$ cat final-v7.cif   # mmCIF, C-alpha atoms and all ligand atoms
data_upload
loop_
_atom_site.label_atom_id
_atom_site.label_comp_id
_atom_site.auth_asym_id
_atom_site.auth_seq_id
_atom_site.Cartn_x
_atom_site.Cartn_y
_atom_site.Cartn_z
CA MET A 1 -34.78 30.35 -5.80
CA ALA A 2 -32.63 32.73 -3.74
CA VAL A 3 -29.62 31.18 -2.04
CA ASP A 4 -29.57 31.26 1.75
CA LEU A 5 -26.07 32.65 2.34
CA GLN A 6 -26.29 31.84 6.05
CA GLU A 7 -26.77 28.19 5.10
CA ILE A 8 -23.75 28.39 2.77
CA ILE A 9 -21.62 29.85 5.58
CA ARG A 10 -22.90 27.26 8.05
CA ALA A 11 -22.07 24.44 5.61
CA ARG A 12 -18.45 25.59 5.53
CA GLU A 13 -18.25 25.95 9.32
CA GLU A 14 -19.72 22.50 9.94
CA ALA A 15 -17.84 20.68 7.16
CA ASP A 16 -15.16 18.06 7.77
CA CYS A 17 -11.74 18.98 6.36
CA LEU A 18 -10.51 15.88 4.49
CA ALA A 19 -7.34 17.43 3.01
CA ASP A 20 -5.84 20.58 4.51
CA GLU A 21 -3.92 23.25 2.59
CA ALA A 22 -0.58 21.56 3.22
CA ALA A 23 -1.88 18.26 1.83
CA VAL A 24 -3.23 20.00 -1.27
CA GLU A 25 0.07 21.84 -1.80
CA ALA A 26 2.03 18.59 -1.47
CA ALA A 27 -0.29 16.88 -3.95
CA LEU A 28 0.16 19.73 -6.45
CA ALA A 29 3.94 19.50 -6.10
CA ARG A 30 3.87 15.72 -6.76
CA LEU A 31 1.55 16.17 -9.72
CA ALA A 32 3.81 18.82 -11.23
CA VAL A 33 6.80 16.46 -11.09
CA ASP A 34 4.87 13.57 -12.66
CA VAL A 35 3.23 15.67 -15.39
CA THR A 36 6.55 17.32 -16.23
CA ALA A 37 8.32 13.97 -16.54
CA ARG A 38 5.63 12.68 -18.89
CA LEU A 39 4.86 15.74 -21.04
CA GLN A 40 7.78 18.19 -21.00
CA HIS A 41 8.83 17.32 -24.55
CA SER A 42 5.33 16.91 -26.01
CA ASN A 43 4.23 20.52 -26.62
CA PRO A 44 0.87 19.70 -24.98
CA LEU A 45 -2.43 21.47 -25.29
CA VAL A 46 -3.92 21.63 -21.80
CA TYR A 47 -7.70 21.65 -21.50
CA VAL A 48 -9.22 23.05 -18.32
CA VAL A 49 -12.68 21.60 -17.64
CA MET A 50 -14.82 24.50 -16.47
CA ASN A 51 -15.91 25.28 -13.90
CA GLY A 52 -14.37 22.86 -11.43
CA GLY A 53 -10.98 22.62 -13.13
CA LEU A 54 -10.34 26.36 -12.89
CA ILE A 55 -8.69 26.50 -9.46
CA PHE A 56 -6.75 23.26 -9.96
CA ALA A 57 -5.37 24.54 -13.26
CA GLY A 58 -4.54 27.92 -11.76
CA ARG A 59 -2.53 26.22 -9.02
CA LEU A 60 -0.89 23.50 -11.13
CA LEU A 61 0.06 25.24 -14.38
CA PRO A 62 2.56 27.72 -12.86
CA ARG A 63 4.46 24.69 -11.53
CA LEU A 64 5.00 23.23 -15.00
CA PRO A 65 8.34 24.55 -16.32
CA PHE A 66 7.93 23.67 -20.01
CA PRO A 67 6.10 25.07 -23.04
CA LEU A 68 2.40 24.32 -23.23
CA GLU A 69 -0.81 25.88 -24.52
CA VAL A 70 -3.97 26.32 -22.46
CA ALA A 71 -7.58 26.15 -23.57
CA TYR A 72 -10.88 25.40 -21.86
CA LEU A 73 -13.99 23.40 -22.41
CA HIS A 74 -17.18 23.40 -20.39
CA ALA A 75 -19.10 20.26 -19.60
CA THR A 76 -21.27 19.73 -16.55
CA ARG A 77 -23.48 16.95 -15.23
CA TYR A 78 -24.16 18.00 -11.64
CA GLY A 79 -25.25 21.65 -11.81
CA LEU A 80 -26.12 22.60 -8.24
CA ALA A 81 -27.08 19.00 -7.37
CA THR A 82 -25.09 16.44 -5.38
CA HIS A 83 -25.85 13.64 -7.88
CA GLY A 84 -24.80 13.62 -11.52
CA THR A 85 -27.14 13.24 -14.49
CA LEU A 86 -26.54 13.50 -18.26
CA LEU A 87 -23.46 15.41 -19.42
CA ASP A 88 -24.36 18.87 -20.69
CA TRP A 89 -21.74 20.22 -23.15
CA ARG A 90 -21.73 24.01 -22.87
CA VAL A 91 -18.46 24.80 -24.71
CA ARG A 92 -16.82 22.20 -26.91
CA PRO A 93 -13.15 22.34 -27.89
CA THR A 94 -12.50 24.52 -30.94
CA GLN A 95 -8.71 24.06 -31.42
CA ASP A 96 -7.22 21.84 -34.11
CA LEU A 97 -6.33 18.72 -32.13
CA ARG A 98 -4.90 16.61 -34.93
CA GLY A 99 -1.58 15.12 -33.87
CA ARG A 100 -1.55 16.94 -30.51
CA SER A 101 -0.78 15.64 -27.05
CA VAL A 102 -3.67 16.78 -24.90
CA LEU A 103 -3.82 16.99 -21.11
CA VAL A 104 -7.24 17.41 -19.49
CA LEU A 105 -7.36 19.03 -16.04
CA ASP A 106 -10.36 18.61 -13.77
CA ASP A 107 -10.94 18.95 -10.05
CA ILE A 108 -12.43 15.50 -9.40
CA LEU A 109 -12.95 12.08 -10.88
CA ASP A 110 -16.07 10.87 -9.09
CA GLU A 111 -18.06 8.40 -11.22
CA GLY A 112 -15.87 9.35 -14.16
CA TYR A 113 -18.58 9.87 -16.78
CA THR A 114 -17.51 13.47 -17.32
CA LEU A 115 -13.87 12.66 -18.01
CA ALA A 116 -14.73 9.57 -20.06
CA ALA A 117 -16.96 11.62 -22.38
CA ILE A 118 -14.39 14.40 -22.69
CA VAL A 119 -11.56 11.99 -23.50
CA GLU A 120 -13.71 10.21 -26.09
CA HIS A 121 -14.55 13.54 -27.73
CA LEU A 122 -10.94 14.75 -27.83
CA ARG A 123 -9.76 11.45 -29.33
CA ALA A 124 -12.50 11.63 -31.95
CA GLU A 125 -11.24 15.12 -32.85
CA GLY A 126 -7.87 13.60 -33.77
CA ALA A 127 -5.66 14.11 -30.70
CA ARG A 128 -2.55 11.93 -30.83
CA GLU A 129 -2.86 11.16 -27.12
CA VAL A 130 -5.19 12.32 -24.38
CA LEU A 131 -3.99 12.26 -20.78
CA THR A 132 -5.99 13.27 -17.74
CA ALA A 133 -5.07 14.82 -14.40
CA VAL A 134 -7.40 15.35 -11.45
CA LEU A 135 -6.78 16.84 -8.05
CA VAL A 136 -9.12 14.33 -6.40
CA HIS A 137 -9.99 10.69 -7.07
CA LYS A 138 -13.10 9.72 -5.11
CA GLU A 139 -12.82 6.30 -3.49
CA HIS A 140 -15.76 4.07 -4.49
CA GLU A 141 -16.64 1.30 -6.94
CA ARG A 142 -19.23 3.17 -9.05
CA LYS A 143 -16.87 4.30 -11.80
CA ALA A 144 -17.85 4.55 -15.48
CA TYR A 145 -15.73 1.42 -15.95
CA PRO A 146 -14.09 -0.79 -13.30
CA GLY A 147 -10.75 0.48 -12.05
CA MET A 148 -11.07 3.81 -13.84
CA ARG A 149 -8.39 6.33 -12.81
CA ALA A 150 -6.96 9.49 -14.29
CA ASP A 151 -3.39 9.28 -15.60
CA PHE A 152 -2.36 11.66 -12.81
CA THR A 153 -4.11 11.94 -9.44
CA GLY A 154 -3.39 14.35 -6.60
CA LEU A 155 -5.32 12.83 -3.69
CA ASP A 156 -7.56 9.81 -3.09
CA ILE A 157 -10.44 11.01 -0.92
CA ALA A 158 -13.39 9.34 0.80
CA ASP A 159 -16.80 8.91 -0.81
CA ARG A 160 -18.43 12.08 0.53
CA PHE A 161 -19.80 15.19 -1.20
CA LEU A 162 -16.75 17.45 -1.40
CA PHE A 163 -16.13 21.15 -1.89
CA GLY A 164 -13.15 23.49 -2.06
CA CYS A 165 -10.23 23.70 -4.52
CA GLY A 166 -12.64 24.24 -7.42
CA MET A 167 -15.44 21.96 -6.21
CA ASP A 168 -18.63 23.76 -5.26
CA TYR A 169 -21.33 23.45 -2.68
CA GLN A 170 -24.49 24.99 -4.14
CA GLY A 171 -22.28 27.06 -6.45
CA TYR A 172 -20.16 28.36 -3.54
CA TRP A 173 -16.82 27.60 -1.88
CA ARG A 174 -14.87 26.71 -5.02
CA ASN A 175 -12.47 29.27 -3.56
CA ALA A 176 -11.85 27.34 -0.32
CA PRO A 177 -8.12 26.45 -0.32
CA ALA A 178 -8.55 23.01 1.29
CA ILE A 179 -10.92 20.10 0.59
CA TYR A 180 -14.02 19.68 2.73
CA ALA A 181 -16.92 17.23 2.97
CA VAL A 182 -20.42 18.56 3.59
CA LYS A 183 -21.72 17.45 6.99
CA GLY A 184 -23.96 14.43 6.56
CA LEU A 185 -23.18 13.96 2.84
O1 LIG B 201 -16.75 11.96 -12.37
P1 LIG B 201 -18.13 12.55 -12.47
O2 LIG B 201 -19.10 11.82 -11.58
O3 LIG B 201 -18.60 12.66 -13.88
O4 LIG B 201 -18.08 14.01 -11.83
C1 LIG B 201 -16.98 14.85 -12.00
C2 LIG B 201 -17.40 16.18 -12.57
O5 LIG B 201 -18.34 16.81 -11.70
C3 LIG B 201 -17.96 18.14 -11.47
O6 LIG B 201 -18.46 18.99 -12.45
P2 LIG B 201 -19.96 19.56 -12.39
O7 LIG B 201 -20.84 18.80 -13.31
O8 LIG B 201 -20.39 19.64 -10.96
O9 LIG B 201 -19.77 21.01 -12.97
P3 LIG B 201 -18.79 22.14 -12.41
O10 LIG B 201 -17.41 21.77 -12.89
O11 LIG B 201 -19.29 23.39 -13.02
O12 LIG B 201 -18.88 22.14 -10.91
C4 LIG B 201 -16.44 18.10 -11.57
O13 LIG B 201 -15.90 19.38 -11.87
C5 LIG B 201 -16.19 17.10 -12.66
O14 LIG B 201 -16.15 17.72 -13.94
N1 LIG B 202 -18.61 19.79 -5.68
C1 LIG B 202 -18.56 18.52 -6.06
N2 LIG B 202 -18.75 18.21 -7.35
C2 LIG B 202 -18.68 16.92 -7.67
N3 LIG B 202 -18.82 16.33 -8.87
C3 LIG B 202 -18.69 15.03 -8.69
N4 LIG B 202 -18.46 14.73 -7.40
C4 LIG B 202 -18.43 15.90 -6.75
C5 LIG B 202 -18.23 16.26 -5.38
O1 LIG B 202 -18.00 15.44 -4.47
N5 LIG B 202 -18.31 17.58 -5.10
#
$ encode --input "final-v7.cif" --output "structure tokens"
Amino acid sequence: MAVDLQEIIRAREEADCLADEAAVEAALARLAVDVTARLQHSNPLVYVVMNGGLIFAGRLLPRLPFPLEVAYLHATRYGLATHGTLLDWRVRPTQDLRGRSVLVLDDILDEGYTLAAIVEHLRAEGAREVLTAVLVHKEHERKAYPGMRADFTGLDIADRFLFGCGMDYQGYWRNAPAIYAVKGL
């Protein structure tokens, strides 16, 4: 079905801004300090979770002043919907992970099933340790397991349907530099 671009533009205009550009920048700066302290001597392999992790990784990685390698994997469970279903692996990791420190970067930990499945897979492939970093932790009690959090979190944000900073609305607005909630969702 063709996308109604006017509706996409209206969604952005009517959205609530829950974290402005300054808040996102400050969160990235904090994350960079914490990730550096933890991983600067670990020669990590950094996995970007496509598509949502793309913008987060592009903004965080240049702030990390130590040697690291970057790779990507692609797993999705939302598609264009606002509710998640089964995880669909589109590109699995291909690197040799045995003995490696791995850092997974994604835009959001919502219910956490995506990150939980990715971490389980990377561990099964022999990674020495798997750490996770997300720009956004969504505040609710429906996590894959109680109290689930990433190892590094940029911002805790309300239980709304979000877009911007890598998160999409109907496939659009991943490019928005701040974090918005769709009106009514
Ligand atoms: O914590 P969860 O409830 O599992 O949801 C989080 C996942 O949902 C989004 O991906 P999505 O499936 O929308 O694919 P995308 O990255 O291509 O947008 C997001 O990028 C995370 O990977
Ligand atoms: N765009 C977007 N993707 C998600 N995946 C899981 N939660 C969200 C969300 O709030 N927004």
$ atom_distance --input "final-v7.cif" --atom1 "atom CA of A:Gly84" --atom2 "atom CA of A:Gln6"
25.4 Å
$ residues_near_ligand --input "final-v7.cif" --ligand "ligand LIG 202 (chain B)" --cutoff "9 Å" --atoms "only C-alpha atoms and all ligand atoms" --output "ChimeraX atom specification"
/A:52,76-84,107-112,114,138,159-164,166-174,181-182
$ closest_residue --input "final-v7.cif" --among "A:Leu45, A:Tyr180, A:Ala71, A:Leu60" --to "A:Leu97" --atoms "only C-alpha atoms"
A:Leu45
$ residues_around --input "final-v7.cif" --residues "A:Leu61" --least-positions-apart "4" --cutoff "10 Å" --atoms "all atoms listed in the file" --output "list in words"
Leu28, Ala32, Val46, Phe56, Ala57, Pro65, Phe66, Leu68, Val70 and Leu105 of chain A
$ write_last_selection --input "final-v7.cif" --atoms "C-alpha atoms" --output "PDB file, in the frame of the given file"
ATOM      1  CA  LEU A  28       0.160  19.730  -6.450  1.00  0.00           C
ATOM      2  CA  ALA A  32       3.810  18.820 -11.230  1.00  0.00           C
ATOM      3  CA  VAL A  46      -3.920  21.630 -21.800  1.00  0.00           C
ATOM      4  CA  PHE A  56      -6.750  23.260  -9.960  1.00  0.00           C
ATOM      5  CA  ALA A  57      -5.370  24.540 -13.260  1.00  0.00           C
ATOM      6  CA  PRO A  65       8.340  24.550 -16.320  1.00  0.00           C
ATOM      7  CA  PHE A  66       7.930  23.670 -20.010  1.00  0.00           C
ATOM      8  CA  LEU A  68       2.400  24.320 -23.230  1.00  0.00           C
ATOM      9  CA  VAL A  70      -3.970  26.320 -22.460  1.00  0.00           C
ATOM     10  CA  LEU A 105      -7.360  19.030 -16.040  1.00  0.00           C
TER      11      LEU A 105
END
$ residues_around --input "final-v7.cif" --residues "A:Tyr145" --least-positions-apart "2" --cutoff "12 Å" --atoms "only C-alpha atoms" --output "NGL selection string"
:A and (110-113 or 115-116 or 140-143 or 147-149)
$ residues_around --input "final-v7.cif" --residues "A:Val24" --least-positions-apart "6" --cutoff "10 Å" --atoms "all atoms listed in the file" --output "list in words"
Arg30, Phe56, Arg59, Leu135, Val136, Gly154, Leu155, Cys165, Pro177, Ala178 and Ile179 of chain A
$ write_last_selection --input "final-v7.cif" --atoms "C-alpha atoms" --output "tab-separated table (two decimals), in the coordinates of the input"
chain	number	residue	atom	x	y	z
A	30	ARG	CA	3.87	15.72	-6.76
A	56	PHE	CA	-6.75	23.26	-9.96
A	59	ARG	CA	-2.53	26.22	-9.02
A	135	LEU	CA	-6.78	16.84	-8.05
A	136	VAL	CA	-9.12	14.33	-6.40
A	154	GLY	CA	-3.39	14.35	-6.60
A	155	LEU	CA	-5.32	12.83	-3.69
A	165	CYS	CA	-10.23	23.70	-4.52
A	177	PRO	CA	-8.12	26.45	-0.32
A	178	ALA	CA	-8.55	23.01	1.29
A	179	ILE	CA	-10.92	20.10	0.59
$ closest_residue --input "final-v7.cif" --among "A:Arg10, A:Arg38, A:Arg123, A:Arg90" --to "ligand LIG 201 (chain B)" --atoms "all atoms listed in the file"
A:Arg90
$ closest_residue --input "final-v7.cif" --among "A:Val33, A:Ala127, A:Ala19, A:Leu5" --to "A:Asp156" --atoms "all atoms listed in the file"
A:Ala19
$ closest_residue --input "final-v7.cif" --among "A:Ala158, A:Leu73, A:Val91, A:Val49" --to "A:Thr132" --atoms "only C-alpha atoms"
A:Val49
$ atom_distance --input "final-v7.cif" --atom1 "atom CA of A:Ile157" --atom2 "atom O10 of ligand LIG 201 (chain B)"
17.5 Å
$ closest_residue --input "final-v7.cif" --among "A:Gln95, A:Val48, A:Asn43, A:His74" --to "A:Val134" --atoms "all atoms listed in the file"
A:Val48
$ axis_aligned_box --input "final-v7.cif" --around "ligand LIG 201 (chain B)" --padding-each-side "8 Å" --output "lines of an AutoDock Vina configuration file"
center_x = -18.4
center_y = 17.6
center_z = -12.4
size_x = 20.9
size_y = 27.6
size_z = 19.0
$ atom_distance --input "final-v7.cif" --atom1 "atom CA of A:Ala15" --atom2 "atom CA of A:Ala29"
25.5 Å
$ closest_residue --input "final-v7.cif" --among "A:Ala2, A:Ile118, A:Ala144, A:Val102" --to "A:Leu39" --atoms "only C-alpha atoms"
A:Val102
